[in-house]
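Q: One structure follows; several queries about it will come next.
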Number of protein chains: 2
Amino acid sequence: MAGGKARPESDIFLGIRGQEIELIAPWDSSRAIESKEFIDASDRVVLPSFVNGHTHFAMSLFRGMEDDLPFEKWLFDRILPLESQFVDSEFVQVGTELAAMESIRFGVTTVCDMYFYPESVASVLDRSGMRGLVSQVWSGFTLPEDKDLGRDKRALFESFFARWRSHERITPILGPHTPYTCTEEQLREVADLAAKTGARVHIHVSETEGEVLESLKRHSKTPVQYLFDLNLLNRQTICAHCVHLNEADIALLKASGASVVHNPDSNLKLSSGIAPVSRYLAEAIPVALGTDGAASNNDLSLFGTMDLATKLQKFVGKSNTAMIAEQALVCATIGGAKALGLDDRIGSLEVGKRADLVVVDFAFPHLQPVHSVISQLVYSAQGLEVDTVICDGKVLMKGKKVLTIDFESLMHRVAVFRDKIGAALESLRISS
Amino acid sequence: MAGGKARPESDIFLGIRGQEIELIAPWDSSRAIESKEFIDASDRVVLPSFVNGHTHFAMSLFRGMEDDLPFEKWLFDRILPLESQFVDSEFVQVGTELAAMESIRFGVTTVCDMYFYPESVASVLDRSGMRGLVSQVWSGFTLPEDKDLGRDKRALFESFFARWRSHERITPILGPHTPYTCTEEQLREVADLAAKTGARVHIHVSETEGEVLESLKRHSKTPVQYLFDLNLLNRQTICAHCVHLNEADIALLKASGASVVHNPDSNLKLSSGIAPVSRYLAEAIPVALGTDGAASNNDLSLFGTMDLATKLQKFVGKSNTAMIAEQALVCATIGGAKALGLDDRIGSLEVGKRADLVVVDFAFPHLQPVHSVISQLVYSAQGLEVDTVICDGKVLMKGKKVLTIDFESLMHRVAVFRDKIGAALESLRISS
C-alpha cells in the first residue's frame, strides 16, 4: 500500500533496516537469502499496521463487567465507584499491558490513549514495543490518580512532557476529558500548554445529544464552538466521537484543521448515535477509527470497526456506496496516522517511513476466494488472522504469538484484579 | 446452557452417546477416564453450537466481488449475469463446501439455506456433517438450475422431499424466493405443497422499503398481508429479514406463529435498514439470527452478527438495554432452533437432545478478564476462538481443525472458479 493509497502490493521484497523501510522492490529470492531475518509472506497480505485513534487502555480490566445494566447504573453505580476503589498505578500497568497485548494480536501498533497515571501507560506501551500518544487527563472531578499524584496537572504534564518528548514511539499529549467535565479555567490552562509545548490535545467532543443540549444551555454554544472560542480547536486537536455536530460545527471543524476519531462500536453500545463520518470524509477532515475503551466496545480490534463504520454509513446514507471498504482501510491506517499527526512517519508502506506493518494470513475459508484483498480485509477478516506484527522495525508478533508480553504471567496479574473486582461487585449488588 | 436458558455451566461432565447428550453431571475425573473419547474443556466454555437462520451458501464464491459498486450495478451487471454464466451443480457443490467449512470453523452446525441445485446443497451439507434446512427455490424468473433440472418445481420438490424427508440432519423445505419475484400461482402451489407435506417455507419478506411500496401498489396489501391471504403465513413459515413491517404486519406475524430471521450485517451492507427485532422479541415472535449470503455480509460467523444485532437495537431504541447480550445468544442458539422448528432436538445443552455443541477457547487477551461469559461471547469474541465443534454427536472440528472437509483440496476447486469469475469480470468491466 505504498504512496498512501490502500493498494495492496504483491510479489514484492520489502527490506527493513533499523526502524525504517529501506527498500520496496520486485520479488527477488536472493535478497531474501541475504536478509538477516526473512519473513515469508507468500499467500499472505502485507499492509501498514493499524492506528487506534481513541482508547482507554487500562479499562480492559472492566471488560464485560455488568455492561448490560441500564447505562446510568453501569456508569455511576459500577464503573465510577470501582475506578475510585481500584485504579492505581498497578491497575493501570496491568490493564494497559492486557490492552497492548490484545492490540498487537489484532495488528494495532499505534494508539491514542487517555487514562490515569500516564507515566504508567507510557512505560508499559514503551516496553510492549507499541507506538502511542499518551494523554495527561484534566477534569473538574477528582481523579483516581489525584491521591498519589496530586491535582496540579500543569506541573505533572510539564515533567511528563519533558521525560518523553524525545522518545521515538511515545508522545506525551494533553487530555482535557470533555468540554463539560473540565472547568473553563482548566481548558484555558490546556490551551496555554498546547500553545507553549506544541503538544496535541485529545478530547471527547459531542459524544451524546445530551451534552450538546447542556452546552447550549450553559454557554449558548455547541461544544465545538465553545472549544473554538477557547483556542482549543486547531490542527493540534484530536476530537474523539463528534457524533452530534451541526452544519456550523462541521464548517468550523474543517476550517480549524482539527481531526476526528470515529468510534462506531462504542457509540452504538452506549446508544449515543452514529457520527456523520461520510460527511467528514467528503470535507477532507482527517478521520481516524477508534475502539474506545474495552468496557464500551468490547474489544480493541479495528477489523470489526472498519466493517461497522462502512455498514453504518451505508445504512444512514441509504446507499451501499456511502462509505466503501477502501475508505475504512485508509481511516484505519494512513488516515488515522494523519489524524494523530504521524503520517510523515507511519500509516503506509513507503521507503523511508518507519517499518510499522502487519502480515495477514489468508489461509482461512472465510477469506477465500480473493476477488478483492481490501473487501476481504474490511468485510470478511475477523482480526485473529493477523500473523506477524512489526513496529518501528521490531517484530512484536510472529506466527500469531506476541513476543514482547508474556501471556501466562499477565494472566496471573489480571486474575488478581478480576477477583478483587468480582468481590467488590458482590457488595455493590447487595447495596444497590 | 441447560433448560433453554443462556446460562453457561462450569465444572460439569457432559456425556455423549451416539447422537445424543446422555448425561450432564458434576465434574468427575473417573468419568473422563472411562470415556471412549474425552475432550478437555478446562478454562474453556461449552455452549450449544450456532444456528444460522438464513444463508445462500454457494454465493461464498462471489464473496467480495466488486461489492462496493452501486447496488443496482452490482446486482444486475455483476451477480445476476455471473450466476447465469457459472452456476451449475459443480459451482453449488464447491461454494456450499466452502461455506460449510467456514461455518464449522465459526461454530455453526445448523443452517437454513436457499440456493439452486438443492440436491447438491443437501449432499454437501450431509458430507460435511452439518445439519441443514435446504430449500427448493420457486421464482418467476429463469433460474440457473432450469437448464439442467427444468421448470417443474413441484415435481422436483416432490422427489427432493421423498429422498431426504427421513434424513436425521437434512430437512427438505420449500423456498419461494419472495412475494414479488414469485407469481401468485407459484405461491399458491407452494402453499398447497406446504399443507400436503408439512414442509417449512423459507421466504424473503419485506427486506426493503421499495418492495413494500411495490406490494401496496400491486396488491393494496403489504407483503405480510399478501402472504397471509395466500395461506403462506403460519407456523411453518420462516420469514427472512422483516426489516419494514408496520404494526398490523407485526400483529399478523405474531398471530400466525411464523418466525423471523434477522440478518443485520446484510441489511446494513445493502442499505436496507434495521429490523425492529426488540419489538419481535417483546412480542415473543421466534427470532433466529442469520448472516445471509457471504456476498452481502461478507462472512458466515454469528459472533459478529450477535454483537451487531444488540448494538443496532441499543442505537434504535436509544437505550443500552434495548437488546442485551443474552438475548442475542439465545437467538443464535435455542431461539434460532425454535424459529426453524428444531428446538425439540437442538439449541440447548440438555440430556436427550442431540449433541450439537462447541467449545470456545478463552485463552486470548481480548477475552480476559472474564466478568461475564455471555458478554465475552457476544461483545468480545471474534469467532476464530471456537476450538471444537460437535454435531449430532460427531466431532466436526477439533483443535481449530475442521475434520470433515480437506482445506487444500477445496482451495484448488475454489481457485478454478475464482479464475473463471475473474476473467468474466474483466470482460464485464470492459462492456459496461
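Each chain in the C-alpha cells gets a letter, A, B, ..., in the order shown, and its residues are numbered from 1; ligands are numbered from 1 in order too.
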Excluding same-chain residues fewer than 4 positions from Ser49 (chain A), what lies within 12 Å of it counting only C-alpha atoms, as a ChimeraX atom specification?
A: /A:1,45,103-111,130-131,301-303,329-334,336-337,346-349,354-360,386-393,395-397
Q: Using DSSP secondary structure from the backbone, list all helix (DSSP H, G or I) positions within region 150-374 of chain B, as an MDAnalysis selection string.
A: chainID B and resid 153:164 184:197 209:219 223:229 247:256 264:269 277:282 294:296 302:316 325:332 334:339 365:367 373:374
Q: Rank B:Ile21, B:Ala424, B:Val277, B:Ala288 by their smallest atom-to-atom distance to Lys314 (chain B), using only C-alpha atoms, and report the top residue only.
A: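 Nearest candidate to Lys314 (chain B) out of B:Ile21, B:Ala424, B:Val277, B:Ala288: B:Val277.
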Q: May I have all residues of region 161-204 of chain A that DSSP, computed from the backbone, assigns to strand (DSSP E or B), given as a PDB file with C-alpha atoms, in the first residue's frame?
A:
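selection_12.pdb, written as the output of this step:
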ATOM      1  CA  ILE A 170       5.831   7.552  22.916  1.00  0.00           C
ATOM      2  CA  THR A 171       4.351  11.027  22.534  1.00  0.00           C
ATOM      3  CA  PRO A 172       3.085  12.885  25.621  1.00  0.00           C
ATOM      4  CA  ILE A 173      -0.110  14.816  24.894  1.00  0.00           C
ATOM      5  CA  LEU A 174      -2.780  16.836  26.690  1.00  0.00           C
ATOM      6  CA  GLY A 175      -6.065  15.175  27.625  1.00  0.00           C
ATOM      7  CA  PRO A 176      -8.784  17.529  28.823  1.00  0.00           C
ATOM      8  CA  VAL A 201      -4.873  17.822  22.599  1.00  0.00           C
ATOM      9  CA  HIS A 202      -7.044  14.706  22.894  1.00  0.00           C
ATOM     10  CA  ILE A 203     -10.623  15.407  23.988  1.00  0.00           C
ATOM     11  CA  HIS A 204     -14.114  13.862  23.879  1.00  0.00           C
TER      12      HIS A 204
END
Q: To one decimal in Å, tell me the separation between CA of Trp74 (chain B) and CA of Phe62 (chain B).
A: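 One can read the CA of Trp74 (chain B) to CA of Phe62 (chain B) distance as 11.1 Å.
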Q: May I have the residues within 9 Å of Ile274 (chain A) as an NGL selection string, using only C-alpha atoms and disregarding those fewer than 3 positions away in the same chain?
A: (:A and (243-244 or 264 or 267-268 or 271 or 277 or 312-313 or 316)) or (:B and (315))
Q: Would you list the contacts of Glu184 (chain B) as an NGL selection string, taking every protein, DNA or RNA residue within 10 Å and counting only C-alpha atoms, but skipping same-chain residues closer than 3 positions in sequence?
A: :B and (140 or 179-181 or 187-190 or 226-227 or 230)
Q: To one decimal in Å, tell me the separation between CA of Cys182 (chain A) and CA of Tyr280 (chain A).
A: 26.1 Å
Q: Expressed in Å to a single decimal, how great is the separation between CA of Asn298 (chain A) and CA of Ser375 (chain B)?
A: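 One can read the CA of Asn298 (chain A) to CA of Ser375 (chain B) distance as 8.4 Å.
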Q: Residues near Ser427 (chain A), anyone? I mean within 12 Å using only C-alpha atoms, not counting same-chain ones fewer than 3 positions away, as an mmCIF file with C-alpha atoms, in the first residue's frame.
A:
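Full text of out.cif as output:
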data_model
loop_
_atom_site.group_PDB
_atom_site.id
_atom_site.type_symbol
_atom_site.label_atom_id
_atom_site.label_comp_id
_atom_site.auth_asym_id
_atom_site.auth_seq_id
_atom_site.Cartn_x
_atom_site.Cartn_y
_atom_site.Cartn_z
ATOM 1 C CA ASP A 77 -23.020 2.554 40.387
ATOM 2 C CA ARG A 78 -20.345 0.346 38.838
ATOM 3 C CA PRO A 81 -17.081 3.590 42.263
ATOM 4 C CA LEU A 82 -14.803 0.738 41.110
ATOM 5 C CA LYS A 420 -10.893 -8.109 43.601
ATOM 6 C CA ILE A 421 -13.394 -6.508 41.219
ATOM 7 C CA GLY A 422 -15.644 -9.566 41.422
ATOM 8 C CA ALA A 423 -15.760 -9.359 45.213
ATOM 9 C CA ALA A 424 -16.444 -5.620 45.110
ATOM 10 C CA ILE A 430 -26.182 -6.088 47.630
ATOM 11 C CA SER A 431 -26.062 -2.383 48.404
ATOM 12 C CA SER A 432 -27.857 -1.180 45.251
#
Q: Please provide as a list in words all residues within 9 Å of Glu209 (chain B), with the sequence filter that same-chain residues fewer than 3 positions apart are discarded (counting only C-alpha atoms).
A: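 Once the nearby chain positions are removed, what remains is Ser206, Val212, Leu213, Glu214, Val243, His244, Ser272 and Gly273 of chain B.
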Q: Of the candidates B:Ser166, B:Asn297, B:Lys318, B:Glu119, which shows the shortest atom-to-atom distance to Val378 (chain A), using only C-alpha atoms?
A: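 Smallest distance to Val378 (chain A) is found for B:Asn297.
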Q: Hey, what's within 10 Å of Glu66 (chain B) if we count only C-alpha atoms and toss same-chain stuff fewer than 2 positions away? As a PDB file with N, CA and C atoms, in the first residue's frame, please?
A:
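Printed below is selection.pdb as written:
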ATOM      1  N   HIS A 371     -11.372 -12.166  -4.471  1.00  0.00           N
ATOM      2  CA  HIS A 371     -11.666 -11.305  -5.617  1.00  0.00           C
ATOM      3  C   HIS A 371     -11.118  -9.901  -5.336  1.00  0.00           C
ATOM      4  N   SER A 372     -11.074  -9.516  -4.052  1.00  0.00           N
ATOM      5  CA  SER A 372     -10.564  -8.195  -3.661  1.00  0.00           C
ATOM      6  C   SER A 372      -9.944  -8.297  -2.275  1.00  0.00           C
ATOM      7  N   SER A 375     -11.688  -5.774   0.165  1.00  0.00           N
ATOM      8  CA  SER A 375     -13.000  -6.234   0.625  1.00  0.00           C
ATOM      9  C   SER A 375     -12.834  -7.328   1.692  1.00  0.00           C
TER      10      SER A 375
ATOM     11  N   PHE B  62     -18.784 -15.768  -4.605  1.00  0.00           N
ATOM     12  CA  PHE B  62     -18.852 -14.367  -5.063  1.00  0.00           C
ATOM     13  C   PHE B  62     -18.431 -13.383  -3.956  1.00  0.00           C
ATOM     14  N   ARG B  63     -17.922 -13.895  -2.850  1.00  0.00           N
ATOM     15  CA  ARG B  63     -17.552 -13.054  -1.708  1.00  0.00           C
ATOM     16  C   ARG B  63     -16.593 -11.926  -2.126  1.00  0.00           C
ATOM     17  N   GLY B  64     -16.955 -10.698  -1.777  1.00  0.00           N
ATOM     18  CA  GLY B  64     -16.056  -9.568  -2.009  1.00  0.00           C
ATOM     19  C   GLY B  64     -15.877  -9.206  -3.473  1.00  0.00           C
ATOM     20  N   ASP B  68     -18.564  -3.064  -3.640  1.00  0.00           N
ATOM     21  CA  ASP B  68     -18.775  -1.650  -3.348  1.00  0.00           C
ATOM     22  C   ASP B  68     -19.168  -0.847  -4.592  1.00  0.00           C
ATOM     23  N   LEU B  69     -19.538  -1.560  -5.655  1.00  0.00           N
ATOM     24  CA  LEU B  69     -20.188  -0.883  -6.782  1.00  0.00           C
ATOM     25  C   LEU B  69     -21.583  -0.442  -6.320  1.00  0.00           C
ATOM     26  N   PRO B  70     -22.169   0.568  -6.996  1.00  0.00           N
ATOM     27  CA  PRO B  70     -23.564   0.896  -6.664  1.00  0.00           C
ATOM     28  C   PRO B  70     -24.431  -0.369  -6.724  1.00  0.00           C
ATOM     29  N   LYS B  73     -25.935  -1.836  -9.969  1.00  0.00           N
ATOM     30  CA  LYS B  73     -24.894  -2.275 -10.882  1.00  0.00           C
ATOM     31  C   LYS B  73     -24.304  -3.607 -10.406  1.00  0.00           C
ATOM     32  N   TRP B  74     -24.052  -3.702  -9.101  1.00  0.00           N
ATOM     33  CA  TRP B  74     -23.518  -4.921  -8.514  1.00  0.00           C
ATOM     34  C   TRP B  74     -24.453  -6.105  -8.781  1.00  0.00           C
ATOM     35  N   ARG B  78     -23.388  -7.590 -12.369  1.00  0.00           N
ATOM     36  CA  ARG B  78     -22.357  -8.498 -11.888  1.00  0.00           C
ATOM     37  C   ARG B  78     -22.963  -9.831 -11.416  1.00  0.00           C
ATOM     38  N   ILE B  79     -23.652  -9.807 -10.276  1.00  0.00           N
ATOM     39  CA  ILE B  79     -24.136 -11.053  -9.661  1.00  0.00           C
ATOM     40  C   ILE B  79     -25.042 -11.841 -10.629  1.00  0.00           C
ATOM     41  N   ALA B 295     -21.790 -12.970   0.001  1.00  0.00           N
ATOM     42  CA  ALA B 295     -21.593 -11.843  -0.911  1.00  0.00           C
ATOM     43  C   ALA B 295     -22.216 -10.556  -0.374  1.00  0.00           C
ATOM     44  N   LEU B 425     -15.224 -11.179 -15.121  1.00  0.00           N
ATOM     45  CA  LEU B 425     -15.343  -9.805 -14.604  1.00  0.00           C
ATOM     46  C   LEU B 425     -14.608  -8.828 -15.501  1.00  0.00           C
TER      47      LEU B 425
END
